[in-house]
Amino acid sequence: MCTYTLLRMLASTLPFSLDCMSQSSSSPRKKRGKRERKERKQKKILFSISLIDLLFFVGMHPSRLRCAVHAFVRAPHFASIPSTAPNGTVVNRDLLQGQFRDLYKTLQRSQLVDQVHLLSERPGGMEALRVADVLFSVGANHIATPLSGNEHRATEFMETMRYVRHAGGPTSLQGVLQDHEGCRLHSGDVVSLPGGIAVGHGPRTNTAAHQHLRAFLQLSYGGGTHSGLLGDVMVLTLEQESDAPPLGDYFGFAGDNVLLAWKDEHGLLAVDQYQQHLQQLHQAEGADAALLQPPPPPSSVVYVEPGCHFFTYCGVDMATDVLVQRGFERSMDSIAAAGLNPIPVAWSEMEKLGISMRASVLLLKFLLPGAGGVGRGSGSSPLLTKPKRLGGRWQSHQIPSRRGVCGIACHINV
């Protein structure tokens, strides 16, 4: 619950308490009618709520960054959950639903997102749980992934966009990658950086998708290409091995420019390429004074255990929370040593089905270009501390063992 909603709830109860105090402390008077007392209470409620709205309007709350990052998740359909994984491992359906509810409640309490939206269940398979595969965001542009190989999931695009519009997002979806034949791009290969994006090049994303994506971003943000710089956006290409998972599963940023990566051949290769790209950009900046200043190197590089699912996001506001798969204690200690706040989330049943934590959450930014995050021009703002403050939030990476999971009731009118 955000601060604005909490203050409105308190304002609605405050006039009633003040009215009771005034009646108890005043001298004995004649009792007024029930209708007159009700009207007086309603007037005080409207006045207090209007005062709260006025205070937030004049600048007590950063309205430009309020509700900027939205997360969309889809609940699993119980009848569609298989009893066994593709490798023959038994899948506990009740435990899988409990782990999803744990993820949903953790996202609501974390500082990574401002609002969490629950999509409707889709029977017929578990691929619908990978909601992040249908589209991704670069700044204020929401780009749909190509339909090559995902023709059976074409209806999910329109359904997801209806939820995005209902949440206050843009009404249009960029289909530049769907308009050109031969484009293959996986949304997991696109990772948000402090100054742009990194796009993996491997078995899921081909060169044609890189070319059309660069041309679209150059048209949207202006400027020319020079060592990966597209106007105010930095676009880096990271090569991947043929057996590598999606780039976002083992490579990401968190906090104040902290790089997280698996400590295996895939993570080490990605970190080495990223550092080489930054070194080339800094050298090009020294040779060309007109070139925009590239982002600084990562403040620290944290290597986690291979196979550890983690969820982080380099968005508009600085958030130190990192969702980490429960059971990887060494990785959580390494993340906590870097000044971040790792939050363990049970993910054993989802891992059996091959669903990563990154693929199950669709993150979109509802911002105008230049409002911060991806741009580095004059209109972009640095990372700010997120104003979300929850009184009962955990202060470290240790969560109480009691994980009472309650049902989720979300009514979304689409």
# chains A, B, ... in the order shown; residues from 1 in each chain; ligands from 1
>>> select_by_dssp(residues="segment 108-182 of chain A", states="strand (DSSP E or B)", output="number ranges by chain")
A: 115-119, 135-138, 141-144, 174
>>> write_last_selection(atoms="C-alpha atoms", output="CSV table (one decimal), in the first residue's frame")
chain,number,residue,atom,x,y,z
A,115,GLN,CA,2.6,-1.7,-8.5
A,116,VAL,CA,2.0,-5.4,-9.2
A,117,HIS,CA,-0.8,-6.5,-11.5
A,118,LEU,CA,-2.2,-10.1,-11.7
A,119,LEU,CA,-3.1,-11.4,-15.1
A,135,LEU,CA,7.4,-7.7,-24.9
A,136,PHE,CA,10.0,-5.6,-23.2
A,137,SER,CA,10.5,-1.9,-22.6
A,138,VAL,CA,13.4,0.4,-23.6
A,141,ASN,CA,8.9,2.4,-25.8
A,142,HIS,CA,7.2,-1.0,-25.3
A,143,ILE,CA,8.5,-3.3,-28.0
A,144,ALA,CA,6.8,-6.6,-28.9
A,174,GLN,CA,5.9,-1.0,-31.1
>>> select_by_dssp(residues="segment 148-314 of chain A", states="helix (DSSP H, G or I)", output="ChimeraX atom specification")
/A:151-166,176-179,187-189,207-221,247-250,265-287
>>> residues_around(residues="Leu147 of chain A", least_positions_apart="2", cutoff="12 Å", atoms="only C-alpha atoms", output="PDB file with C-alpha atoms, in the first residue's frame")
ATOM      1  CA  ASP A 133       8.500 -13.276 -23.299  1.00  0.00           C
ATOM      2  CA  VAL A 134       5.865 -11.246 -25.139  1.00  0.00           C
ATOM      3  CA  LEU A 135       7.358  -7.744 -24.912  1.00  0.00           C
ATOM      4  CA  ALA A 144       6.814  -6.598 -28.935  1.00  0.00           C
ATOM      5  CA  THR A 145       9.000  -9.627 -29.553  1.00  0.00           C
ATOM      6  CA  GLY A 149       8.316 -19.764 -33.138  1.00  0.00           C
ATOM      7  CA  ASN A 150       5.644 -18.251 -30.854  1.00  0.00           C
ATOM      8  CA  GLU A 151       2.708 -18.126 -33.221  1.00  0.00           C
ATOM      9  CA  HIS A 152       0.593 -20.071 -30.726  1.00  0.00           C
ATOM     10  CA  ARG A 153       1.065 -17.258 -28.193  1.00  0.00           C
ATOM     11  CA  ALA A 154      -0.168 -14.459 -30.453  1.00  0.00           C
ATOM     12  CA  THR A 155      -3.312 -13.907 -28.377  1.00  0.00           C
ATOM     13  CA  GLU A 156      -1.219 -13.141 -25.298  1.00  0.00           C
ATOM     14  CA  PHE A 157       0.054  -9.922 -26.880  1.00  0.00           C
ATOM     15  CA  GLY A 175       5.897  -3.832 -33.617  1.00  0.00           C
ATOM     16  CA  VAL A 176       9.133  -3.013 -35.416  1.00  0.00           C
ATOM     17  CA  LEU A 177      10.516  -6.510 -34.782  1.00  0.00           C
ATOM     18  CA  GLN A 178       7.301  -8.184 -35.933  1.00  0.00           C
ATOM     19  CA  ASP A 179       7.093  -6.167 -39.150  1.00  0.00           C
ATOM     20  CA  HIS A 180      10.381  -7.501 -40.524  1.00  0.00           C
ATOM     21  CA  GLU A 181      10.711 -11.137 -41.499  1.00  0.00           C
ATOM     22  CA  GLY A 182      13.712 -13.053 -40.292  1.00  0.00           C
ATOM     23  CA  CYS A 183      13.946 -11.277 -36.918  1.00  0.00           C
ATOM     24  CA  ARG A 184      14.460 -13.547 -33.948  1.00  0.00           C
ATOM     25  CA  LEU A 185      14.769 -11.937 -30.531  1.00  0.00           C
ATOM     26  CA  HIS A 186      14.160 -13.276 -27.049  1.00  0.00           C
ATOM     27  CA  SER A 187      13.100 -10.720 -24.463  1.00  0.00           C
TER      28      SER A 187
END
>>> residues_around(residues="Ala167 of chain A", least_positions_apart="3", cutoff="12 Å", atoms="only C-alpha atoms", output="mmCIF file with N, CA, C and O atoms, in the first residue's frame")
data_model
loop_
_atom_site.group_PDB
_atom_site.id
_atom_site.type_symbol
_atom_site.label_atom_id
_atom_site.label_comp_id
_atom_site.auth_asym_id
_atom_site.auth_seq_id
_atom_site.Cartn_x
_atom_site.Cartn_y
_atom_site.Cartn_z
ATOM 1 N N CYS A 67 4.657 5.551 -9.247
ATOM 2 C CA CYS A 67 4.070 4.465 -10.021
ATOM 3 C C CYS A 67 4.719 4.374 -11.401
ATOM 4 O O CYS A 67 4.044 4.318 -12.427
ATOM 5 N N ALA A 68 6.049 4.401 -11.444
ATOM 6 C CA ALA A 68 6.757 4.390 -12.719
ATOM 7 C C ALA A 68 6.995 2.982 -13.219
ATOM 8 O O ALA A 68 6.922 2.734 -14.416
ATOM 9 N N VAL A 69 7.304 2.047 -12.333
ATOM 10 C CA VAL A 69 7.643 0.676 -12.709
ATOM 11 C C VAL A 69 6.486 -0.236 -12.307
ATOM 12 O O VAL A 69 6.117 -0.285 -11.132
ATOM 13 N N HIS A 70 5.942 -0.938 -13.274
ATOM 14 C CA HIS A 70 4.814 -1.830 -13.035
ATOM 15 C C HIS A 70 5.239 -3.259 -13.367
ATOM 16 O O HIS A 70 5.953 -3.496 -14.353
ATOM 17 N N ALA A 71 4.800 -4.180 -12.554
ATOM 18 C CA ALA A 71 5.098 -5.602 -12.736
ATOM 19 C C ALA A 71 3.804 -6.346 -13.038
ATOM 20 O O ALA A 71 2.778 -6.105 -12.389
ATOM 21 N N PHE A 72 3.875 -7.255 -14.012
ATOM 22 C CA PHE A 72 2.730 -8.067 -14.410
ATOM 23 C C PHE A 72 3.111 -9.534 -14.253
ATOM 24 O O PHE A 72 4.130 -9.984 -14.795
ATOM 25 N N ASP A 114 6.601 -0.467 -8.286
ATOM 26 C CA ASP A 114 5.639 0.402 -7.619
ATOM 27 C C ASP A 114 4.260 -0.241 -7.524
ATOM 28 O O ASP A 114 3.560 -0.037 -6.543
ATOM 29 N N GLN A 115 3.877 -1.002 -8.549
ATOM 30 C CA GLN A 115 2.590 -1.679 -8.536
ATOM 31 C C GLN A 115 2.739 -3.039 -9.171
ATOM 32 O O GLN A 115 3.531 -3.218 -10.111
ATOM 33 N N VAL A 116 1.980 -4.001 -8.662
ATOM 34 C CA VAL A 116 1.976 -5.366 -9.173
ATOM 35 C C VAL A 116 0.574 -5.682 -9.671
ATOM 36 O O VAL A 116 -0.407 -5.447 -8.957
ATOM 37 N N HIS A 117 0.486 -6.206 -10.882
ATOM 38 C CA HIS A 117 -0.802 -6.532 -11.503
ATOM 39 C C HIS A 117 -0.843 -8.034 -11.791
ATOM 40 O O HIS A 117 0.139 -8.608 -12.282
ATOM 41 N N LEU A 118 -1.981 -8.630 -11.498
ATOM 42 C CA LEU A 118 -2.176 -10.067 -11.677
ATOM 43 C C LEU A 118 -2.977 -10.319 -12.940
ATOM 44 O O LEU A 118 -4.123 -9.845 -13.074
ATOM 45 N N LEU A 119 -2.374 -11.025 -13.878
ATOM 46 C CA LEU A 119 -3.058 -11.381 -15.119
ATOM 47 C C LEU A 119 -3.946 -12.600 -14.899
ATOM 48 O O LEU A 119 -3.740 -13.390 -13.975
ATOM 49 N N THR A 160 -2.210 -8.957 -22.922
ATOM 50 C CA THR A 160 -1.286 -8.228 -22.052
ATOM 51 C C THR A 160 -1.417 -6.727 -22.247
ATOM 52 O O THR A 160 -1.361 -5.954 -21.281
ATOM 53 N N MET A 161 -1.612 -6.285 -23.482
ATOM 54 C CA MET A 161 -1.752 -4.856 -23.734
ATOM 55 C C MET A 161 -3.020 -4.293 -23.113
ATOM 56 O O MET A 161 -3.060 -3.121 -22.711
ATOM 57 N N ARG A 162 -4.077 -5.093 -23.015
ATOM 58 C CA ARG A 162 -5.282 -4.607 -22.341
ATOM 59 C C ARG A 162 -5.003 -4.337 -20.865
ATOM 60 O O ARG A 162 -5.479 -3.342 -20.305
ATOM 61 N N TYR A 163 -4.229 -5.206 -20.230
ATOM 62 C CA TYR A 163 -3.868 -4.964 -18.836
ATOM 63 C C TYR A 163 -2.938 -3.764 -18.714
ATOM 64 O O TYR A 163 -3.013 -3.008 -17.740
ATOM 65 N N VAL A 164 -2.048 -3.592 -19.667
ATOM 66 C CA VAL A 164 -1.132 -2.443 -19.624
ATOM 67 C C VAL A 164 -1.910 -1.144 -19.747
ATOM 68 O O VAL A 164 -1.654 -0.166 -19.021
ATOM 69 N N PRO A 170 0.993 3.063 -21.949
ATOM 70 C CA PRO A 170 0.719 3.566 -23.307
ATOM 71 C C PRO A 170 -0.269 2.664 -24.029
ATOM 72 O O PRO A 170 -0.381 1.471 -23.754
ATOM 73 N N THR A 171 -0.957 3.258 -24.960
ATOM 74 C CA THR A 171 -1.973 2.517 -25.707
ATOM 75 C C THR A 171 -1.414 1.875 -26.966
ATOM 76 O O THR A 171 -2.129 1.114 -27.630
ATOM 77 N N LEU A 364 7.570 -3.161 -16.814
ATOM 78 C CA LEU A 364 7.404 -2.090 -17.786
ATOM 79 C C LEU A 364 7.503 -0.751 -17.077
ATOM 80 O O LEU A 364 7.034 -0.601 -15.941
ATOM 81 N N LYS A 365 8.111 0.219 -17.754
ATOM 82 C CA LYS A 365 8.249 1.568 -17.222
ATOM 83 C C LYS A 365 7.262 2.489 -17.931
ATOM 84 O O LYS A 365 7.250 2.568 -19.159
ATOM 85 N N PHE A 366 6.449 3.175 -17.142
ATOM 86 C CA PHE A 366 5.492 4.132 -17.682
ATOM 87 C C PHE A 366 6.080 5.524 -17.506
ATOM 88 O O PHE A 366 5.740 6.263 -16.590
ATOM 89 N N ILE A 412 -9.615 -7.296 -11.748
ATOM 90 C CA ILE A 412 -9.155 -6.353 -12.739
ATOM 91 C C ILE A 412 -10.196 -6.304 -13.850
ATOM 92 O O ILE A 412 -10.484 -7.313 -14.479
ATOM 93 N N ASN A 413 -10.744 -5.139 -14.042
ATOM 94 C CA ASN A 413 -11.704 -4.949 -15.120
ATOM 95 C C ASN A 413 -10.956 -4.512 -16.364
ATOM 96 O O ASN A 413 -10.353 -3.453 -16.390
ATOM 97 N N VAL A 414 -10.933 -5.346 -17.324
ATOM 98 C CA VAL A 414 -10.207 -5.063 -18.559
ATOM 99 C C VAL A 414 -11.224 -4.679 -19.618
ATOM 100 O O VAL A 414 -12.199 -5.407 -19.802
#
>>> residues_around(residues="segment 91-102 of chain A", least_positions_apart="4", cutoff="7 Å", atoms="only C-alpha atoms", output="PDB file with N, CA and C atoms, in the first residue's frame")
ATOM      1  N   PRO A  76      -0.647 -19.468 -12.035  1.00  0.00           N
ATOM      2  CA  PRO A  76      -0.730 -20.746 -12.760  1.00  0.00           C
ATOM      3  C   PRO A  76      -2.123 -21.352 -12.675  1.00  0.00           C
ATOM      4  N   ILE A  81      -1.097 -27.522 -14.599  1.00  0.00           N
ATOM      5  CA  ILE A  81       0.224 -27.817 -14.040  1.00  0.00           C
ATOM      6  C   ILE A  81       0.517 -29.295 -14.234  1.00  0.00           C
ATOM      7  N   SER A  83       2.088 -33.033 -13.741  1.00  0.00           N
ATOM      8  CA  SER A  83       2.493 -33.772 -12.539  1.00  0.00           C
ATOM      9  C   SER A  83       3.980 -34.087 -12.523  1.00  0.00           C
ATOM     10  N   THR A  84       4.601 -34.114 -13.691  1.00  0.00           N
ATOM     11  CA  THR A  84       6.037 -34.382 -13.784  1.00  0.00           C
ATOM     12  C   THR A  84       6.679 -33.365 -14.721  1.00  0.00           C
ATOM     13  N   ALA A  85       7.952 -33.085 -14.487  1.00  0.00           N
ATOM     14  CA  ALA A  85       8.724 -32.184 -15.342  1.00  0.00           C
ATOM     15  C   ALA A  85       9.180 -32.931 -16.593  1.00  0.00           C
ATOM     16  N   THR A 106       5.943 -10.993  -2.191  1.00  0.00           N
ATOM     17  CA  THR A 106       7.267 -10.393  -2.040  1.00  0.00           C
ATOM     18  C   THR A 106       7.443  -9.212  -2.978  1.00  0.00           C
ATOM     19  N   ALA A 346      11.270 -18.995  -2.510  1.00  0.00           N
ATOM     20  CA  ALA A 346      11.261 -20.409  -2.895  1.00  0.00           C
ATOM     21  C   ALA A 346      10.923 -20.539  -4.371  1.00  0.00           C
ATOM     22  N   TRP A 347      11.722 -21.330  -5.105  1.00  0.00           N
ATOM     23  CA  TRP A 347      11.552 -21.429  -6.550  1.00  0.00           C
ATOM     24  C   TRP A 347      11.876 -22.839  -7.049  1.00  0.00           C
ATOM     25  N   GLU A 349       9.868 -25.617  -7.497  1.00  0.00           N
ATOM     26  CA  GLU A 349       8.922 -26.239  -8.420  1.00  0.00           C
ATOM     27  C   GLU A 349       8.927 -25.537  -9.775  1.00  0.00           C
ATOM     28  N   MET A 350       9.054 -24.219  -9.765  1.00  0.00           N
ATOM     29  CA  MET A 350       9.146 -23.504 -11.026  1.00  0.00           C
ATOM     30  C   MET A 350      10.429 -23.870 -11.770  1.00  0.00           C
ATOM     31  N   VAL A 405       0.845 -18.332   3.733  1.00  0.00           N
ATOM     32  CA  VAL A 405       0.443 -17.972   2.380  1.00  0.00           C
ATOM     33  C   VAL A 405      -1.077 -17.929   2.339  1.00  0.00           C
TER      34      VAL A 405
END
